[in-house]
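Peer 1: The structure follows.
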Amino acid sequence: MRDARSFAARMWSLIVSALLLGSSLGGSVSAQAPSRGAGDDVTLIRGGTILTVTRGRIENGSILIRGGKIAAVGRNIEAPPGAKVIDARGKYIMPGIIDCHSHIAIDGGVNEGTLSVTSMVRIEDVLDPTDINIYRDLAGGVTTANILHGSANAIGGLNAVIKLRWGKTAREMLFEGAMPGIKFALGENPKRSNFTPPPGTPRRYPATRLGVEYTIREAFTQARNYMRQWEEYERRRRAGENVVPPRRDLKLEPLVEVLQGKRLVHAHAYRADEILMLIRLAEEFGFKIATFQHVLEGYKVAREIAAHGAGASTFSDWWAYKVEAYDAIPYNGAIMARKGVIVSFNSDSAELARRLNLEAAKAVKYGGLSEDEALALITINPAKQLRIEHRVGSIEVGKDADLVIYSGHPLSVYSIVEKVFIDGQLYFDREADLARRAEIQKEKEALKARERSAERRPGPRGRPPEEEADKGAEHPLLPGPDKEVRP
Amino acid sequence: MRGSAHQRRRSLHPRRERVVGILGIALLLGSLVRAGFGQTPSVYAIKDARIVTVTGPVIPKGTVIFRDGIITAVGENVPIPPEARVIEGSGLTVYPGLFDTQTDLGLPSAPQAPGPRPAAAPAPPAQAQAQQQPPLPHTQPEWLAARQLQLGGQRFENARAAGITTALVIPPRGIFIGQSALINTAGETSQRAVVKSPVALHIGFTPAGGGLGGRFPGSLMGVFAHIRQTLLDAQHYGQHWAAYRRNPRGLERPEYNETLEALQPVVRGELPVIFHVNSESEIRRAIHLAEEFNLKFILSGAIEAYKAIDVLREKRVPLLVSVNFPERPRDADPEADEPLRVLRLRAEAPQNAARLHQAGLKFAFHSGGLSNPRDYIRNVARAVQAGLPEEVALRALTIHAAEILGVAEQLGSIEVGKIANLIVTDGNLFEERTRIRYLFIDGRQIEVRPPEPERPSAPSEPSVTVAGTWNLTVESPQGTVAVTADLRQEGEVISGVVTSPFGQSTISSGSVSGREVRFTLSVEIQGTPMLVTFAGHVEGDRMSGTVTVEGMGSFPFSGTRPRIS
Amino acid sequence: MRKRALLLIIAFGLVPALSLPSVRAQRGETYAITNARIVPITGPVIERGTILIRDGKIAAVGRNVSIPAGARIINAQGMWVYPGFIDSGTTIGLTEIGQVAATVDVNEIGDFNPQLKAIVAVNPSSEIIPVTRVNGITTVLTTPRGGILSGQAALINLDGWTWEEMLVKAPVGIYFNFPTIASGRFFDPETFQQRERSFEEARRQREERLQRVRRLLDDARAYAKAKRAAEAGVPEGNAANARDRQPLLVNPVLEALVPVVEGALPFIVAANDARDIKAAVEFAEEQKVKIIISGGLEAPKVAPLLKEKNIPVLLGPVLSLPRNEDDPYDSPFTAAKQLYEAGVKFAFLTNDASNARNLPYHAAMAVAFGLPREEALRALTIYPAEIFGVADRLGSLEVGKVANLVVWDGDPLEIRSHVRHLFINGRPVPLETKHTQLYERYRNRP
């Protein structure tokens with residue numbers, strides 16, 4: 001029944017499918033899947049300058065990695081048999097960079113901007129492990145990122161802390177055991193002052209900073225009421241009464257967790273007065289703000305921020321893009337640090353995240369932080385802010401082997417990232433990346449050529465020219481509305 | 001819509017049925033029905049055909065017998081009842097009718113009026129302009145496809161011409177899209193065509209298009225939150241009502257909520273959920289969500305299922321696999337640098353089914369929104385070329401679909417006792433030249449239009465205007481019948497009203513392409529609705545063509561549209 | 001310590017307010033920067049030398065320079081002196097707070113505005129000006145950006161009481177947003193809908209826009225001829241009818257294009273896609289106009305063509321993401337090296353205002369990914385000066401050039417370096433900015 005031609009076509013398809021099956025494992029494009037195999041469990045990085053961040057610098061040092069953890073750090077470490085050895089002479093090794101404010105890898109919108117309180121939405125539900133910016137940020141030394149909801153709402157959604165394990169599934173990227181968090185936003189963004197709604201759309205409350213305060217206050221009041229409802233239910237149930245539990249409210253439950261100290265608040269804020277406002281509000285309700293994000297006027301109220309115990313995660317030198325950013329100064333980080341605030345530098349941008357080491361250098365330029373203090377801004381400090389410092393943020397025995405090898409000192413503009421390890425596995429290797437570029441182009445050309453010739457052929461594969469076929473552009477899996485036209 | 005081929009169509013029946021005029025048979029039928037005599041007995045025998053039973057070995061030369069819609073015998077030497085209408089099957093192959101396990105066939109394309117009650121909405125925002133907005137279309141779990149169903153028209157004809165006798169109908173997008181119905185693609189009435197309803201609750205992940213300032217949920221994560229909260233509310237509702245029924249004393253009375261009521265079988269794990277998902281991420285997310293609520297579930301679409309075989313195998317998820325393979329968009333920038341990820345997907349997509357089969361996963365097929373049902377079969381043939389064994393492809397079009405959708409006792413194979421949904425072809429189903437000669441649904445023979453000729457169809461001229469009042473006469477052997485057609489036209493879509501001695505009927509679907517016009521309506525004759533299709537050719541103010549009465553035959557008609565100056 | 005005190009006294013004595021331009025230098029004020037490592041750019045590094053500044057110009061550069069009496073001496077021991085850097089693409093002076101329309105003058109209404117002049121709207125009081133110059137950028141090209149032909153770009157020094165004092169040269173070119181072929185889905189801000197544009201439609205649209213430019217240039221050519229004829233007057237003996245002697249009715253829009261069609265003024269063509277750059281080059285050939293490419297992130301793909309036609313590129317911003325998903329992750333970083341290797345002349349730009357101060361770090365990233373450091377420095381100094389036709393005045397430390405120079409305590413491309421002294425037009429410029437003031441104020445908050 002099948003003729004020779006279709007048989008050949010079928011064989012060809014099988015061969016190609018076998019090849020593609022092999023090459024598409026993990027779904028990654030430009031990165032290799034991390035190497036796996038016996039003996040790969042142990043790696044020795046030897047002979048480089050180790051910047052531990054918390055324990056000073058080790059010249060001509062080595063790091064032994066075993067089972068994904070840092071097993072040893074020091075000057076003279078023997079390579080165990082079977083260990084993979086990486087020669088790091090002339091190189092610098094520092095802890096993997098932690099970006100405390102990122103919006104990469106999010107599918108279907110960074111903001112649920114239709115309501116002012118959206119604590120029921122979760123970034124975890126919509127992580128996109130195929131976002132190429134994961135790879136690009138990894139190539140800039142970022143190993144952990146705090147993926148946040150946007151700043152459209154006074155109370156936004158729940159965050160996801162991830163490790164940039166390029167090639168894995170979304171769930172596999174989640175940072176196991178990281179304390180959960182939630183995003184708040186104050187100032188111009190949640191009150192929509194820089195944005196005209198589309199015709200026919202009503203304005204959304206709140207439109208003032210007064211309303212922003214009230215929105216948060218009201219939400220926490222509701223959360224407290226919710227807690228009381230449940231406590232009441234429990235009491236009556238234990239007393240044997242015929243009761244039904246209250247309806248679970250996914251919007252209020254995260255706020256209850258905040259009140260109970262089980263969920264970290266990351267609050268986007270700019271102006272000094274609104275920073276104080278949230279501190280007062282939080283203290284009134286009995287919880288602590290984990291970090292202020294951006295916090296560009298933090299330097300004006302650094303004392304109060306330190307007294308409250310909030311961390312500050314800010315830019316190095318962005319300013320003047322909004323009114324509330326007009327008083328921003330690049331000395332912000334240094335002033336806050338000197339007043340006892342735990343400060344981190346973040347990116348809020350897939351592009352900036354590739355060079356957070358250079359952003360850290362700006363804290364030396366503007367404000368005179370020391371080398372270790374500057375490096376801390378992108379390693380141990382954000383780790384503390386995210387409560388993951390027991391796992392990452394410095395090169396110490398027992399911590400995760402999340403490491404970056406630089407060609408030179410990371411605070412120098414001339415240094416580039418050569419290798420990045422996460423959990424002891426090599427997730428980025430510049431040499432391998434360079435070698436793969438030609439292969440990628442070849443594969444693309446081959447696939448395109450096959451497609452074109454298949455289109456020209458008549459028959460079940462080829463199509464009659466005017467046939468009423470679905471336009472590929474409508475297809476659910478092809479680049480959808482998020483694909484922007486570049487101006 | 002292509003131009004009508006009615007003028008060129010030749011009859012496919014070996015013998016033409018008794019030709020009677022509309023008036024005659026309608027009256028006769030009507031009177032018979034009224035008198036309670038029941039329908040004309042219908043027994044068919046397809047003899048000496050190759051029979052592909054699907055669940056048993058292929059019978060190279062055998063006979064299938066079915067009576068009143070049920071298969072009564074299948075085999076090599078089967079006695080044929082004397083009253084049977086015999087169909088000569090030598091050189092022909094009999095297959096079970098094919099399934100399309102996800103299509104919006106028969107459903108109105110415009111969004112439906114909102115349901116009576118909004119779903120339990122999230123708590124109103126602080127100081128909101130708390131407008132209780134009507135719910136958006138396809139966000140209501142209580143929406144039933146079976147209630148919206150309308151049989152007839154070009155789409156059904158095309159589906160049948162491709163061999164599709166059973167379809168799971170549901171709109172493709174939405175959040176709580178609604179409850180699907182499994183229908184046969186023909187029936188005396190829309191209600192009669194329903195095989196099973198509801199089949200499942202369908203859940204999609206289409207945001208309401210909110211953006212900044214629109215309707216919730218405007219983002220994908222909002223959709224997840226909404227689904228989760230609604231399912232929690234449904235669980236709570238069930239709990240509350242159960243407690244109340246056990247002992248209402250002292251308990252606050254739960255309110256009746258249609259939406260949450262409709263979700264009870266879902267949260268109890270009785271009514272399965274079908275998730276509309278295609279990418280690997282979407283597939284994994286849906287599985288995770290389903291596990292959160294312990295739902296019984298099926299995944300539909302699953303174009304990238306081959307990337308998630310690990311979890312699909314582990315959880316043994318049944319799959320309804322779309323064969324609407326992504327294609328290179330024709331009007332896209334030829335120099336655009338498409339990512340390798342996209343190129344690979346297009347190359348690999350046809351191999352999806354083969355890989356699922358190799359991994360031991362069970363799946364059925366659906367058309368995935370392909371507008372031409374012949375492309376559906378063609379793409380299944382491509383999946384076969386890409387490595388899926390042909391028998392497995394056939395099973396995915398028949399028995400696996402029936403099993404996954406819970407109708408394996410009635411459909412999906414040629415076995416005694418099952419419904420007689422059969423297609424009789426003149427060759428291998430997956431070959432391009434093969435045509436369907438006979439089609440039976442519920443044991444009734446359905447006319448199959450020859451499929452559209454494969455050639456460019458663009459009419460060289462814009463479509464004629466057919467709006468206006470037409471005075472038509474239908475020539476039946478019993479005499480002429482006068483009919484008035486009041487047509488409205490919007491672009492290529494025709495609507496309007498047809499008046500005849502049987503009363504007035506609204507046109508359910510109609511189109512014009514070039515000079516060919518076609519419109520379908522349901523005429524109630526003595527209480528029995530009959531589907532009537534006019535297919536005509538228009539020249540100026542003259543129209544002529546053929547009118548077909550479902551299951552009866554075709555008769556010429558002609559007429560004019562008087563000019564009113 | 002004493003040096004520092006001296007400097008502080010000079011600084012405080014001279015500067016009352018943050019954002020005001022530098023104190024007016026007395027004519028004839030002479031400065032000598034001594035003991036410095038001098039990087040002239042166009043010549044070898046002078047390990048230990050002196051620069052003499054007089055009357056706004058560089059009077060002497062060298063190992064042994066005699067210092068006239070009365071000169072103010074700045075001992076730059078341990079420091080480096082570089083020419084002021086030039087940012088070849090900014091909106092400095094035309095914008096203050098991005099989201100506040102009242103402060104933004106970058107995009108005018110209308111597609112064809114070649115007659116608009118950026119220079120007349122430059123705000124010398126912009127806080128962005130001091131913030132930028134204290135990181136060593138003394139001169140910037142500032143351009144309008146709206147429509148297709150946006151207006152006339154101006155080269156300005158970042159110091160002056162009025163825009164006239166800031167002006168180095170204007171017009172330097174006419175900014176031309178080359179129409180791109182934008183197909184695919186896009187968000188239409190007018191209807192707030194997602195819409196789709198087919199490639200054919202997008203291509204037609206682009207052609208249509210180019211056609212309008214062509215017609216405008218045709219008109220400009222005709223106008224130019226008429227203008228030259230009117231200037232030349234009717235030749236003697238030519239029995240011209242009085243009626244033929246038409247006075248030229250001035251058309252400012254066409255007037256602005258006359259130097260372009262006569263080849264004296266280039267279009268500064270904003271284009272990043274390789275296809276657009278190529279089309280722009282072809283367009284320029286066809287229309288016989290000069291162009292400079294601005295942006296040019298995909299210029300390496302058409303480098304041979306650019307080299308052949310001698311078309312320079314204002315490259316950047318280097319610190320941006322790759323344009324396509326499969327592009328190498330470092331493709332914007334390596335663009336400069338690739339242009340250099342292909343022999344294409346280029347300068348760096350930030351296309352920014354508030355953070356144009358980071359210009360050196362764009363250049364530094366290009367060095368990190370393969371561009372020789374000397375080339376990077378040239379692309380910040382002498383190359384833009386040459387491209388803009390001001391190399392006689394700017395771009396290097398040579399006698400006779402304008403004294404735009406910067407004293408650094410380290411490598412200017414390294415982030416951790418600081419500017420210690422700044423001279424623009426031969427006048428010392430205070431290093432105080434809005435930022436330093438806020439810093440001082442709030443670090444001292446009790």
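Each chain in the structure tokens gets a letter, A, B, ..., in the order shown, and its residues are numbered from 1; ligands are numbered from 1 in order too.
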Up to 6 Å from chain C, what residues of chain A turn up? Count only C-alpha atoms and give them as a compact mmCIF listing (two decimals) with N, CA and C atoms, in the first residue's frame.
Peer 2:
```txt
# COMPACT_ATOMS: atom_id res chain seq x y z
N ARG A 136 21.25 34.08 29.30
CA ARG A 136 22.10 35.28 29.18
C ARG A 136 22.52 35.79 30.55
N LYS A 300 17.97 58.81 52.51
CA LYS A 300 17.44 59.90 53.34
C LYS A 300 16.91 59.38 54.67
N ALA A 320 16.21 59.70 37.49
CA ALA A 320 15.60 60.69 36.61
C ALA A 320 14.62 60.12 35.59
N TYR A 321 14.25 58.86 35.71
CA TYR A 321 13.27 58.36 34.74
C TYR A 321 11.84 58.62 35.21
N LYS A 322 11.71 58.86 36.51
CA LYS A 322 10.41 59.22 37.07
C LYS A 322 10.65 60.34 38.06
N ILE A 329 20.55 58.98 43.95
CA ILE A 329 21.97 59.25 43.81
C ILE A 329 22.73 57.94 43.85
N GLU A 351 19.05 42.73 31.03
CA GLU A 351 20.31 43.23 30.46
C GLU A 351 21.29 43.58 31.57
N LYS A 365 33.16 53.12 43.63
CA LYS A 365 33.35 54.45 43.04
C LYS A 365 32.54 55.50 43.78
N VAL A 413 36.31 46.09 34.78
CA VAL A 413 35.51 46.06 33.55
C VAL A 413 36.08 45.10 32.52
N TYR A 414 37.33 44.75 32.65
CA TYR A 414 37.95 43.92 31.61
C TYR A 414 37.74 42.43 31.86
N GLU A 484 7.21 40.93 20.40
CA GLU A 484 7.02 42.33 20.05
C GLU A 484 7.68 42.64 18.73
N VAL A 485 7.10 43.56 18.05
CA VAL A 485 7.72 44.04 16.82
C VAL A 485 8.77 45.06 17.21
```
Peer 1: What are the DSSP alpha helix (DSSP H) residues of region 102-281 of chain B, as a PyMOL selection string?
Peer 2: chain B and resi 145-148+154-161+190-193+220-246+258-267+280-281
Peer 1: Show me, as a list in words, every residue of chain B with an atom at most 8 Å from chain C, counting only C-alpha atoms.
Peer 2: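 So the contacting residues turn out to be Asp331, Ala332, Asp333, Asp337, Pro339 and Leu340 of chain B.
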Peer 1: Skipping near chain neighbours, those fewer than 3 positions away, what residues fall within 7 Å of region 154-162 of chain C using only C-alpha atoms, listed as a ChimeraX atom specification?
Peer 2: /C:21-22,118-119,124,129,133,138-143,165-172,424
Peer 1: Measuring between only C-alpha atoms, which one of B:Thr520, B:Ser558, B:Gln179, B:Thr230 shows the shortest distance to chain A?
Peer 2: B:Thr230
Peer 1: Compare B:Gly527, B:Gly412, B:Gly496, B:Pro329 by their minimum atom-to-atom distance to chain A, counting only C-alpha atoms, and give me the closest one.
Peer 2: B:Pro329
Peer 1: If you run DSSP on this backbone, which residues of region 225-472 of chain B come out as strand (DSSP E or B), and could you give them as a ChimeraX atom specification?
Peer 2: /B:273-277,297-301,319-322,363-366,419,422-425,436-441,444-445,468-472
Peer 1: Selected residues, N, CA, C and O atoms, written as a CSV table (one decimal), in the first residue's frame, please.
Peer 2:
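And here's result.csv as it stands now:
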```
chain,number,residue,atom,x,y,z
B,273,VAL,N,-11.7,16.4,34.1
B,273,VAL,CA,-11.4,17.7,33.6
B,273,VAL,C,-10.5,17.5,32.3
B,273,VAL,O,-9.6,16.6,32.3
B,274,ILE,N,-10.8,18.2,31.3
B,274,ILE,CA,-9.9,18.2,30.1
B,274,ILE,C,-9.2,19.6,30.0
B,274,ILE,O,-9.8,20.6,29.9
B,275,PHE,N,-7.8,19.5,30.2
B,275,PHE,CA,-7.1,20.8,30.1
B,275,PHE,C,-6.6,21.0,28.7
B,275,PHE,O,-6.1,20.1,28.0
B,276,HIS,N,-6.8,22.3,28.2
B,276,HIS,CA,-6.3,22.6,26.9
B,276,HIS,C,-4.9,23.2,27.0
B,276,HIS,O,-4.7,24.3,27.4
B,277,VAL,N,-4.0,22.3,26.7
B,277,VAL,CA,-2.6,22.7,26.9
B,277,VAL,C,-1.7,22.2,25.7
B,277,VAL,O,-2.1,21.1,25.2
B,297,PHE,N,-8.2,13.7,35.2
B,297,PHE,CA,-8.0,14.6,34.1
B,297,PHE,C,-7.4,14.0,32.9
B,297,PHE,O,-6.8,12.9,32.9
B,298,ILE,N,-7.6,14.7,31.8
B,298,ILE,CA,-7.1,14.4,30.5
B,298,ILE,C,-6.5,15.6,29.9
B,298,ILE,O,-6.9,16.7,30.2
B,299,LEU,N,-5.4,15.5,29.1
B,299,LEU,CA,-4.8,16.7,28.5
B,299,LEU,C,-5.2,16.7,27.0
B,299,LEU,O,-5.1,15.6,26.3
B,300,SER,N,-5.6,17.8,26.5
B,300,SER,CA,-6.0,17.9,25.1
B,300,SER,C,-5.1,19.0,24.4
B,300,SER,O,-5.0,20.1,24.9
B,301,GLY,N,-4.6,18.6,23.2
B,301,GLY,CA,-3.7,19.5,22.5
B,301,GLY,C,-2.4,18.8,22.5
B,301,GLY,O,-2.0,18.1,21.5
B,319,LEU,N,-4.3,11.3,26.8
B,319,LEU,CA,-4.0,12.4,25.9
B,319,LEU,C,-4.9,12.5,24.7
B,319,LEU,O,-5.2,11.5,24.1
B,320,LEU,N,-5.4,13.7,24.4
B,320,LEU,CA,-6.1,13.9,23.1
B,320,LEU,C,-5.1,14.8,22.4
B,320,LEU,O,-4.9,16.0,22.7
B,321,VAL,N,-4.5,14.2,21.3
B,321,VAL,CA,-3.4,14.9,20.7
B,321,VAL,C,-3.8,15.6,19.4
B,321,VAL,O,-4.4,15.1,18.5
B,322,SER,N,-3.5,16.9,19.4
B,322,SER,CA,-3.8,17.7,18.2
B,322,SER,C,-2.8,17.4,17.1
B,322,SER,O,-1.6,17.1,17.3
B,363,PHE,N,-3.3,7.5,23.6
B,363,PHE,CA,-3.8,8.8,23.1
B,363,PHE,C,-4.8,8.7,22.0
B,363,PHE,O,-4.9,7.6,21.3
B,364,ALA,N,-5.6,9.7,21.8
B,364,ALA,CA,-6.5,9.8,20.7
B,364,ALA,C,-6.1,11.1,20.0
B,364,ALA,O,-5.3,11.9,20.4
B,365,PHE,N,-6.7,11.3,18.8
B,365,PHE,CA,-6.3,12.5,18.0
B,365,PHE,C,-7.5,13.5,18.0
B,365,PHE,O,-8.6,13.2,18.2
B,366,HIS,N,-7.1,14.7,17.7
B,366,HIS,CA,-8.1,15.7,17.3
B,366,HIS,C,-7.5,16.7,16.4
B,366,HIS,O,-6.3,16.7,16.1
B,419,ILE,N,-22.9,1.0,18.2
B,419,ILE,CA,-23.6,1.9,17.3
B,419,ILE,C,-23.1,1.8,15.9
B,419,ILE,O,-21.8,1.7,15.7
B,422,LEU,N,-20.4,4.1,10.6
B,422,LEU,CA,-19.4,3.4,9.7
B,422,LEU,C,-19.1,4.3,8.6
B,422,LEU,O,-19.9,5.0,8.1
B,423,ILE,N,-17.8,4.1,8.1
B,423,ILE,CA,-17.5,4.8,6.8
B,423,ILE,C,-17.0,3.7,5.9
B,423,ILE,O,-16.3,2.7,6.3
B,424,VAL,N,-17.4,3.8,4.7
B,424,VAL,CA,-17.0,2.8,3.6
B,424,VAL,C,-16.2,3.6,2.6
B,424,VAL,O,-16.7,4.5,2.0
B,425,THR,N,-14.9,3.2,2.5
B,425,THR,CA,-14.0,3.9,1.6
B,425,THR,C,-13.6,3.0,0.4
B,425,THR,O,-13.8,1.8,0.4
B,436,ILE,N,-14.7,8.6,0.5
B,436,ILE,CA,-15.7,7.9,1.2
B,436,ILE,C,-16.9,7.7,0.3
B,436,ILE,O,-17.5,8.7,-0.2
B,437,ARG,N,-17.3,6.5,0.2
B,437,ARG,CA,-18.5,6.2,-0.7
B,437,ARG,C,-19.8,6.2,0.1
B,437,ARG,O,-20.8,6.6,-0.4
B,438,TYR,N,-19.7,5.6,1.3
B,438,TYR,CA,-20.9,5.6,2.1
B,438,TYR,C,-20.6,6.0,3.5
B,438,TYR,O,-19.5,5.7,4.0
B,439,LEU,N,-21.6,6.5,4.1
B,439,LEU,CA,-21.4,7.0,5.5
B,439,LEU,C,-22.7,6.7,6.3
B,439,LEU,O,-23.8,7.0,5.8
B,440,PHE,N,-22.5,6.0,7.4
B,440,PHE,CA,-23.7,5.7,8.2
B,440,PHE,C,-23.4,6.3,9.6
B,440,PHE,O,-22.4,6.1,10.2
B,441,ILE,N,-24.5,7.0,10.1
B,441,ILE,CA,-24.4,7.5,11.5
B,441,ILE,C,-25.7,7.0,12.2
B,441,ILE,O,-26.8,7.3,11.7
B,444,ARG,N,-28.1,5.3,10.0
B,444,ARG,CA,-28.8,6.0,8.9
B,444,ARG,C,-27.8,6.4,7.9
B,444,ARG,O,-26.7,6.9,8.2
B,445,GLN,N,-28.1,6.2,6.6
B,445,GLN,CA,-27.2,6.6,5.6
B,445,GLN,C,-27.2,8.1,5.4
B,445,GLN,O,-28.3,8.7,5.3
B,468,GLY,N,-32.1,40.3,-0.4
B,468,GLY,CA,-33.3,40.7,-1.1
B,468,GLY,C,-34.3,39.6,-0.9
B,468,GLY,O,-34.1,38.6,-0.3
B,469,THR,N,-35.5,39.8,-1.5
B,469,THR,CA,-36.5,38.8,-1.5
B,469,THR,C,-36.6,38.0,-2.8
B,469,THR,O,-36.7,38.6,-3.8
B,470,TRP,N,-36.5,36.7,-2.7
B,470,TRP,CA,-36.5,35.9,-3.8
B,470,TRP,C,-37.8,35.1,-3.9
B,470,TRP,O,-38.2,34.5,-2.9
B,471,ASN,N,-38.4,35.0,-5.0
B,471,ASN,CA,-39.6,34.2,-5.2
B,471,ASN,C,-39.1,32.9,-6.0
B,471,ASN,O,-38.6,33.0,-7.1
B,472,LEU,N,-39.1,31.8,-5.3
B,472,LEU,CA,-38.5,30.5,-5.8
B,472,LEU,C,-39.6,29.5,-6.0
B,472,LEU,O,-40.6,29.5,-5.2
```
Peer 1: Measuring atom to atom with only C-alpha atoms, identify which of A:Glu443, A:Glu359, A:Asp400, A:Asp327 is nearest to chain B.
Peer 2: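 Looking only at the distances to chain B, the closest residue turns out to be A:Glu443.
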Peer 1: I need the residue nearest chain A from this list: B:Ser509, B:Asn257, B:Thr465, B:Asn372. Use only C-alpha atoms for the distance.
Peer 2: B:Asn372
Peer 1: What separation in Å, quoted to one decimal, exists between CA of Thr548 (chain B) and CA of Thr533 (chain B)?
Peer 2: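 Distance reported for this atom pair: 5.1 Å.
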Peer 1: Could you tell me which of A:Ala446, A:Ile65, A:Leu51, A:Ala376 comes closest to chain B if we count only C-alpha atoms?
Peer 2: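 That would be A:Ala446, the residue with the smallest distance to chain B.
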